[in-house]
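> This is the content of upload21.txt (compact mmCIF, C-alpha atoms):
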# COMPACT_ATOMS: atom_id res chain seq x y z
CA MET A 1 -70.16 172.93 -25.42
CA SER A 2 -71.89 175.53 -23.26
CA LYS A 3 -72.98 178.91 -24.60
CA GLN A 4 -70.14 180.59 -22.72
CA GLU A 5 -67.58 178.19 -24.21
CA THR A 6 -68.82 178.53 -27.79
CA PRO A 7 -66.14 180.32 -29.85
CA LYS A 8 -67.08 183.88 -30.72
CA ILE A 9 -67.09 185.00 -34.34
CA ALA A 10 -68.14 188.57 -33.50
CA TYR A 11 -67.28 190.19 -30.17
CA ARG A 12 -67.17 193.65 -28.62
CA PHE A 13 -64.28 195.74 -27.38
CA GLY A 14 -64.64 199.46 -26.72
CA ASP A 15 -66.59 201.10 -29.52
CA GLY A 16 -65.79 198.30 -31.95
CA VAL A 17 -67.22 194.98 -33.07
CA TYR A 18 -64.38 192.59 -33.85
CA LEU A 19 -64.45 189.65 -36.24
CA ASN A 20 -62.64 186.41 -35.46
CA ILE A 21 -62.56 184.59 -38.81
CA THR A 22 -59.43 182.46 -38.39
CA ASN A 23 -56.84 181.41 -35.84
CA ARG A 24 -54.26 180.69 -38.54
CA CYS A 25 -51.24 182.95 -38.93
CA PRO A 26 -47.83 182.55 -40.57
CA ASN A 27 -46.26 184.23 -37.52
CA LEU A 28 -46.04 183.20 -33.88
CA CYS A 29 -45.16 186.55 -32.34
CA ALA A 30 -43.34 186.49 -29.01
CA PHE A 31 -45.95 188.82 -27.51
CA CYS A 32 -49.03 187.00 -28.89
CA ILE A 33 -51.55 185.58 -26.45
CA LYS A 34 -51.46 182.32 -28.41
CA THR A 35 -48.01 181.65 -26.94
CA LYS A 36 -49.86 181.11 -23.66
CA TRP A 37 -52.28 178.63 -25.28
CA HIS A 38 -55.12 180.64 -23.79
CA MET A 39 -57.23 182.32 -26.44
CA ASP A 40 -59.70 184.19 -24.28
CA PHE A 41 -60.21 187.94 -24.68
CA HIS A 42 -62.19 189.71 -21.97
CA GLY A 43 -64.41 186.68 -21.45
CA ASN A 44 -64.76 185.85 -25.15
CA ASN A 45 -63.52 182.46 -26.29
CA LEU A 46 -61.71 183.05 -29.59
CA ASN A 47 -60.40 179.51 -30.07
CA LEU A 48 -62.11 178.29 -33.24
CA GLN A 49 -60.48 174.87 -32.81
CA GLY A 50 -59.97 174.62 -36.56
CA ASN A 51 -63.66 175.19 -37.34
CA GLU A 52 -63.45 178.39 -39.32
CA PRO A 53 -66.80 180.08 -39.97
CA THR A 54 -68.16 180.37 -43.49
CA ALA A 55 -68.78 183.79 -45.00
CA GLY A 56 -72.49 183.33 -44.34
CA GLU A 57 -71.87 182.47 -40.69
CA VAL A 58 -69.64 185.51 -40.26
CA VAL A 59 -72.26 187.85 -41.74
CA ALA A 60 -75.04 186.30 -39.64
CA ALA A 61 -73.02 186.58 -36.41
CA LEU A 62 -72.05 190.13 -37.27
CA ASP A 63 -75.61 191.23 -38.05
CA GLU A 64 -76.81 189.77 -34.75
CA GLU A 65 -74.06 191.54 -32.78
CA LEU A 66 -74.50 194.90 -34.49
CA LYS A 67 -78.16 195.01 -33.52
CA LYS A 68 -77.36 194.81 -29.82
CA ALA A 69 -75.78 198.20 -29.17
CA PRO A 70 -74.20 201.23 -30.87
CA PHE A 71 -70.71 200.87 -32.39
CA LYS A 72 -68.25 203.02 -34.33
CA GLU A 73 -66.23 200.46 -36.24
CA VAL A 74 -66.06 196.85 -37.38
CA VAL A 75 -62.60 195.33 -37.12
CA PHE A 76 -61.15 192.23 -38.75
CA CYS A 77 -58.84 191.00 -36.02
CA GLY A 78 -59.21 187.95 -33.75
CA TYR A 79 -56.25 185.69 -32.87
CA GLY A 80 -55.27 184.98 -36.45
CA GLU A 81 -54.33 186.79 -39.66
CA PRO A 82 -57.54 187.86 -41.47
CA THR A 83 -55.93 187.84 -44.92
CA MET A 84 -55.47 184.08 -44.55
CA ARG A 85 -59.17 184.07 -45.50
CA LEU A 86 -59.23 186.86 -48.03
CA ASP A 87 -62.45 185.75 -49.76
CA VAL A 88 -64.38 185.73 -46.47
CA LEU A 89 -62.87 189.06 -45.47
CA LEU A 90 -63.81 190.71 -48.78
CA PHE A 91 -67.32 189.23 -48.85
CA THR A 92 -68.03 190.36 -45.30
CA ALA A 93 -66.60 193.84 -45.85
CA GLN A 94 -68.59 194.22 -49.08
CA THR A 95 -71.73 193.22 -47.20
CA LEU A 96 -70.95 195.86 -44.60
CA LYS A 97 -70.53 198.46 -47.33
CA GLY A 98 -73.93 197.46 -48.65
CA TRP A 99 -75.50 197.85 -45.22
CA MET A 100 -73.85 201.25 -44.93
CA ALA A 101 -75.24 202.33 -48.31
CA GLN A 102 -78.70 201.22 -47.19
CA ALA A 103 -78.29 203.12 -43.89
CA LYS A 104 -79.09 199.88 -42.06
CA TYR A 105 -76.85 201.08 -39.22
CA PRO A 106 -75.47 204.53 -38.27
CA PRO A 107 -72.20 205.43 -40.05
CA PHE A 108 -69.18 203.36 -39.08
CA GLN A 109 -65.74 202.50 -40.40
CA ILE A 110 -64.25 199.14 -41.39
CA ARG A 111 -60.75 198.39 -40.14
CA LEU A 112 -58.30 195.61 -40.92
CA ASN A 113 -55.61 194.63 -38.41
CA THR A 114 -52.96 192.69 -40.31
CA ASN A 115 -49.39 191.44 -40.07
CA GLY A 116 -48.77 192.82 -43.56
CA LEU A 117 -48.02 189.47 -45.18
CA GLY A 118 -51.28 189.31 -47.16
CA ASN A 119 -49.57 189.60 -50.54
CA LEU A 120 -47.27 186.66 -49.77
CA ILE A 121 -50.12 184.63 -48.31
CA ASN A 122 -52.34 185.14 -51.36
CA HIS A 123 -49.59 185.24 -53.99
CA LYS A 124 -50.83 188.55 -55.41
CA ASN A 125 -51.18 192.23 -54.61
CA ILE A 126 -54.34 192.39 -52.48
CA VAL A 127 -54.22 196.14 -51.79
CA PRO A 128 -56.59 197.14 -54.66
CA GLU A 129 -59.21 194.65 -53.46
CA LEU A 130 -58.90 195.83 -49.87
CA ARG A 131 -59.12 199.47 -50.91
CA ARG A 132 -62.63 198.93 -52.28
CA VAL A 133 -64.08 197.73 -48.97
CA ILE A 134 -61.73 198.68 -46.11
CA ASP A 135 -61.41 202.16 -44.60
CA VAL A 136 -58.51 201.79 -42.16
CA VAL A 137 -55.52 199.45 -42.31
CA ASN A 138 -53.38 198.79 -39.24
CA VAL A 139 -50.16 196.98 -40.15
CA SER A 140 -48.06 195.31 -37.45
CA LEU A 141 -44.58 196.39 -38.58
CA ASN A 142 -43.00 195.52 -35.22
CA ALA A 143 -39.31 195.90 -36.12
CA GLN A 144 -36.74 198.18 -37.73
CA ASN A 145 -35.01 195.46 -39.78
CA GLU A 146 -35.43 191.88 -40.90
CA THR A 147 -33.20 190.36 -38.22
CA VAL A 148 -35.18 191.89 -35.36
CA TRP A 149 -38.45 191.16 -37.19
CA ARG A 150 -37.62 187.45 -37.37
CA GLN A 151 -36.77 187.38 -33.68
CA ILE A 152 -40.01 189.08 -32.66
CA VAL A 153 -42.63 187.67 -35.05
CA ARG A 154 -41.02 184.22 -35.54
CA PRO A 155 -42.33 183.62 -39.08
CA ALA A 156 -43.17 180.15 -40.35
CA ALA A 157 -41.17 178.42 -43.07
CA GLY A 158 -41.62 180.22 -46.35
CA TYR A 159 -42.10 183.61 -44.69
CA GLU A 160 -38.64 184.15 -43.20
CA ASP A 161 -37.87 186.88 -45.73
CA GLY A 162 -41.24 188.58 -45.27
CA TYR A 163 -40.09 191.81 -43.66
CA GLU A 164 -39.54 193.61 -46.98
CA ALA A 165 -42.97 192.39 -48.14
CA VAL A 166 -44.52 193.94 -45.03
CA LYS A 167 -42.83 197.27 -45.74
CA THR A 168 -43.97 197.15 -49.37
CA PHE A 169 -47.53 196.35 -48.30
CA LEU A 170 -47.47 199.26 -45.86
CA ARG A 171 -46.19 201.67 -48.49
CA ASP A 172 -48.71 200.46 -51.09
CA CYS A 173 -51.55 200.90 -48.61
CA ALA A 174 -50.37 204.40 -47.74
CA GLN A 175 -50.40 205.31 -51.43
CA ALA A 176 -53.74 203.65 -52.19
CA GLY A 177 -55.98 206.24 -50.56
CA PHE A 178 -57.37 204.49 -47.47
CA ALA A 179 -58.89 206.81 -44.89
CA ARG A 180 -56.03 205.90 -42.54
CA VAL A 181 -53.00 203.63 -42.64
CA VAL A 182 -51.23 202.94 -39.34
CA ALA A 183 -48.04 201.00 -38.65
CA SER A 184 -47.72 199.61 -35.14
CA CYS A 185 -44.93 198.30 -32.95
CA VAL A 186 -45.10 196.62 -29.55
CA ASP A 187 -42.85 198.04 -26.83
CA GLN A 188 -40.58 195.91 -24.60
CA THR A 189 -39.91 193.42 -27.41
CA GLY A 190 -36.42 194.51 -28.43
CA ALA A 191 -37.56 196.65 -31.34
CA ASP A 192 -36.27 200.21 -31.73
CA ALA A 193 -39.56 202.08 -31.62
CA ALA A 194 -38.07 205.34 -32.88
CA ALA A 195 -36.54 203.57 -35.88
CA VAL A 196 -39.81 201.77 -36.61
CA GLU A 197 -41.68 205.07 -36.43
CA LYS A 198 -39.23 206.59 -38.92
CA ILE A 199 -39.85 203.73 -41.37
CA ALA A 200 -43.60 204.08 -40.95
CA LYS A 201 -43.59 207.81 -41.61
CA GLU A 202 -41.26 207.44 -44.59
CA ALA A 203 -43.79 204.99 -46.03
CA GLY A 204 -46.53 207.59 -45.57
CA ALA A 205 -48.25 205.89 -42.63
CA GLU A 206 -49.11 206.97 -39.11
CA PHE A 207 -47.34 205.27 -36.20
CA TYR A 208 -48.75 203.66 -33.07
CA LEU A 209 -46.71 202.18 -30.21
CA ARG A 210 -48.66 199.36 -28.58
CA SER A 211 -48.16 198.44 -24.95
CA PHE A 212 -46.66 194.99 -24.38
CA LEU A 213 -49.15 194.50 -21.54
CA ASP A 214 -52.08 195.30 -23.85
CA ALA A 215 -50.77 192.77 -26.38
CA GLN A 216 -50.77 190.14 -23.64
CA ASN A 217 -54.41 190.72 -22.62
What's the structure tokens form of this structure?

Amino acid sequence: MSKQETPKIAYRFGDGVYLNITNRCPNLCAFCIKTKWHMDFHGNNLNLQGNEPTAGEVVAALDEELKKAPFKEVVFCGYGEPTMRLDVLLFTAQTLKGWMAQAKYPPFQIRLNTNGLGNLINHKNIVPELRRVIDVVNVSLNAQNETVWRQIVRPAAGYEDGYEAVKTFLRDCAQAGFARVVASCVDQTGADAAAVEKIAKEAGAEFYLRSFLDAQN
């Protein structure tokens, strides 16, 4: 495999360094790039092909990338659900907090982009653990009710009733004291964005409407 084809663990986008720690996800969202079977993001190959990096490999790749240029945030994202690998996520974020305490890099924030199913995935409330090492949580709410949610995110068996768990996770995060908690929705998917925004604000979160075109890139 050539250097260009090697899957990226850490990659850049805007002012952020993004971490691709898994391609696994209990959802197969209608707008997700994975529905095209092409997991490239701005020239970065994010297809891990089942070879998920160890915590040590994630930290090493991250340290190497952070040295290259200035950045404002580190984001757990990729083309998979980061909470599928909670231990790796927490270890990496704790390492980042340590680097921040040592002033190894200029101040930055740590963000988690999640589908909100982390409690179901890990069979426990993960919010307290996240709160210790994550600054910003972006939850993909995506729908105003469970019926529309199922149609848009197409959850795997065992997660069909996950919409209420996502709302509970969002509310718990909003009450936990993170620097920011944002609920997002993708336009042009059939969701009622105004209704989703109302749910987000009632939970105590900010709201962000994502462009369908951006979700496809």
> Using Å and a single decimal, report how far atom CA of Arg180 of chain A sits from atom CA of Glu146 of chain A.
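Value for the atom CA of Glu146 of chain A-atom CA of Arg180 of chain A distance: 25.0 Å.
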> Between A:Val137, A:Val17, A:Leu117, A:Ile9, single out the one closest to Lys67 of chain A, counting only C-alpha atoms.
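Closest candidate: A:Val17.
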> Kindly indicate which residue among A:Asp63, A:Glu129, A:Leu28, A:Gly16 lies nearest to Gln109 of chain A, using all atoms listed in the file for the distances.
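Ranking A:Asp63, A:Glu129, A:Leu28, A:Gly16 by distance to Gln109 of chain A, first place goes to A:Gly16.
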> Using all atoms listed in the file, which protein or nucleic acid residues come within 8 Å of segment 150-159 of chain A? Drop anything in the same chain fewer than 3 positions from it, and give the result as a PyMOL selection string.
chain A and resi 26-31+120+142-143+146-147+162+189-190
> Atom CA of Ala195 of chain A to atom CA of Gln175 of chain A: how many Å, to one decimal?
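It comes out at 20.9 Å.
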> So, with all atoms listed in the file as the atoms that count, which of A:Val196, A:Leu170, A:Cys185, A:Ala176 lies closest to Asn145 of chain A?
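Ranking A:Val196, A:Leu170, A:Cys185, A:Ala176 by distance to Asn145 of chain A, first place goes to A:Val196.
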> Can you measure atom CA of Ala191 of chain A to atom CA of Gly14 of chain A for me? One decimal in Å is fine.
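Answer for the atom CA of Ala191 of chain A to atom CA of Gly14 of chain A separation: 27.6 Å.
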> Just checking: using only C-alpha atoms, which residue out of A:Trp99, A:Phe13, A:Phe178, A:Tyr79 ends up closest to Asn45 of chain A?
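Of A:Trp99, A:Phe13, A:Phe178, A:Tyr79, the one nearest Asn45 of chain A, counting only C-alpha atoms, is A:Tyr79.
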> Considering all atoms listed in the file, state which residue in the set A:Cys77, A:Met39, A:Ala69, A:Ala193 is at the smallest distance from Ile21 of chain A.
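Residue with the minimum atom-to-atom distance to Ile21 of chain A: A:Cys77.
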> Around the point (-61.0, 191.4, -46.0) (coordinates from the file), which residues reach within 12 Å if we count only C-alpha atoms? Answer as a PDB file with C-alpha atoms, in the coordinates of the input.

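The resulting file, point-v3.pdb, is reproduced below:
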ATOM      1  CA  LEU A  19     -64.450 189.650 -36.240  1.00  0.00           C
ATOM      2  CA  ASN A  20     -62.640 186.410 -35.460  1.00  0.00           C
ATOM      3  CA  ILE A  21     -62.560 184.590 -38.810  1.00  0.00           C
ATOM      4  CA  THR A  22     -59.430 182.460 -38.390  1.00  0.00           C
ATOM      5  CA  ALA A  55     -68.780 183.790 -45.000  1.00  0.00           C
ATOM      6  CA  VAL A  58     -69.640 185.510 -40.260  1.00  0.00           C
ATOM      7  CA  VAL A  74     -66.060 196.850 -37.380  1.00  0.00           C
ATOM      8  CA  VAL A  75     -62.600 195.330 -37.120  1.00  0.00           C
ATOM      9  CA  PHE A  76     -61.150 192.230 -38.750  1.00  0.00           C
ATOM     10  CA  CYS A  77     -58.840 191.000 -36.020  1.00  0.00           C
ATOM     11  CA  GLU A  81     -54.330 186.790 -39.660  1.00  0.00           C
ATOM     12  CA  PRO A  82     -57.540 187.860 -41.470  1.00  0.00           C
ATOM     13  CA  THR A  83     -55.930 187.840 -44.920  1.00  0.00           C
ATOM     14  CA  MET A  84     -55.470 184.080 -44.550  1.00  0.00           C
ATOM     15  CA  ARG A  85     -59.170 184.070 -45.500  1.00  0.00           C
ATOM     16  CA  LEU A  86     -59.230 186.860 -48.030  1.00  0.00           C
ATOM     17  CA  ASP A  87     -62.450 185.750 -49.760  1.00  0.00           C
ATOM     18  CA  VAL A  88     -64.380 185.730 -46.470  1.00  0.00           C
ATOM     19  CA  LEU A  89     -62.870 189.060 -45.470  1.00  0.00           C
ATOM     20  CA  LEU A  90     -63.810 190.710 -48.780  1.00  0.00           C
ATOM     21  CA  PHE A  91     -67.320 189.230 -48.850  1.00  0.00           C
ATOM     22  CA  THR A  92     -68.030 190.360 -45.300  1.00  0.00           C
ATOM     23  CA  ALA A  93     -66.600 193.840 -45.850  1.00  0.00           C
ATOM     24  CA  GLN A  94     -68.590 194.220 -49.080  1.00  0.00           C
ATOM     25  CA  THR A  95     -71.730 193.220 -47.200  1.00  0.00           C
ATOM     26  CA  LEU A  96     -70.950 195.860 -44.600  1.00  0.00           C
ATOM     27  CA  LYS A  97     -70.530 198.460 -47.330  1.00  0.00           C
ATOM     28  CA  ILE A 110     -64.250 199.140 -41.390  1.00  0.00           C
ATOM     29  CA  ARG A 111     -60.750 198.390 -40.140  1.00  0.00           C
ATOM     30  CA  LEU A 112     -58.300 195.610 -40.920  1.00  0.00           C
ATOM     31  CA  ASN A 113     -55.610 194.630 -38.410  1.00  0.00           C
ATOM     32  CA  THR A 114     -52.960 192.690 -40.310  1.00  0.00           C
ATOM     33  CA  GLY A 118     -51.280 189.310 -47.160  1.00  0.00           C
ATOM     34  CA  ASN A 122     -52.340 185.140 -51.360  1.00  0.00           C
ATOM     35  CA  ILE A 126     -54.340 192.390 -52.480  1.00  0.00           C
ATOM     36  CA  VAL A 127     -54.220 196.140 -51.790  1.00  0.00           C
ATOM     37  CA  PRO A 128     -56.590 197.140 -54.660  1.00  0.00           C
ATOM     38  CA  GLU A 129     -59.210 194.650 -53.460  1.00  0.00           C
ATOM     39  CA  LEU A 130     -58.900 195.830 -49.870  1.00  0.00           C
ATOM     40  CA  ARG A 131     -59.120 199.470 -50.910  1.00  0.00           C
ATOM     41  CA  ARG A 132     -62.630 198.930 -52.280  1.00  0.00           C
ATOM     42  CA  VAL A 133     -64.080 197.730 -48.970  1.00  0.00           C
ATOM     43  CA  ILE A 134     -61.730 198.680 -46.110  1.00  0.00           C
ATOM     44  CA  ASP A 135     -61.410 202.160 -44.600  1.00  0.00           C
ATOM     45  CA  VAL A 136     -58.510 201.790 -42.160  1.00  0.00           C
ATOM     46  CA  VAL A 137     -55.520 199.450 -42.310  1.00  0.00           C
TER      47      VAL A 137
END
> Can you pull out every residue within 8 Å of Pro7 of chain A, counting all atoms listed in the file, but drop anything in the same chain fewer than 4 positions away, and send it as a ChimeraX atom specification?
/A:44-48
> With all atoms listed in the file as the atoms that count, which of A:Tyr208, A:Tyr11, A:Tyr163, A:Tyr18 lies nearest to Gly116 of chain A?
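Of all the options, A:Tyr163 lies closest to Gly116 of chain A.
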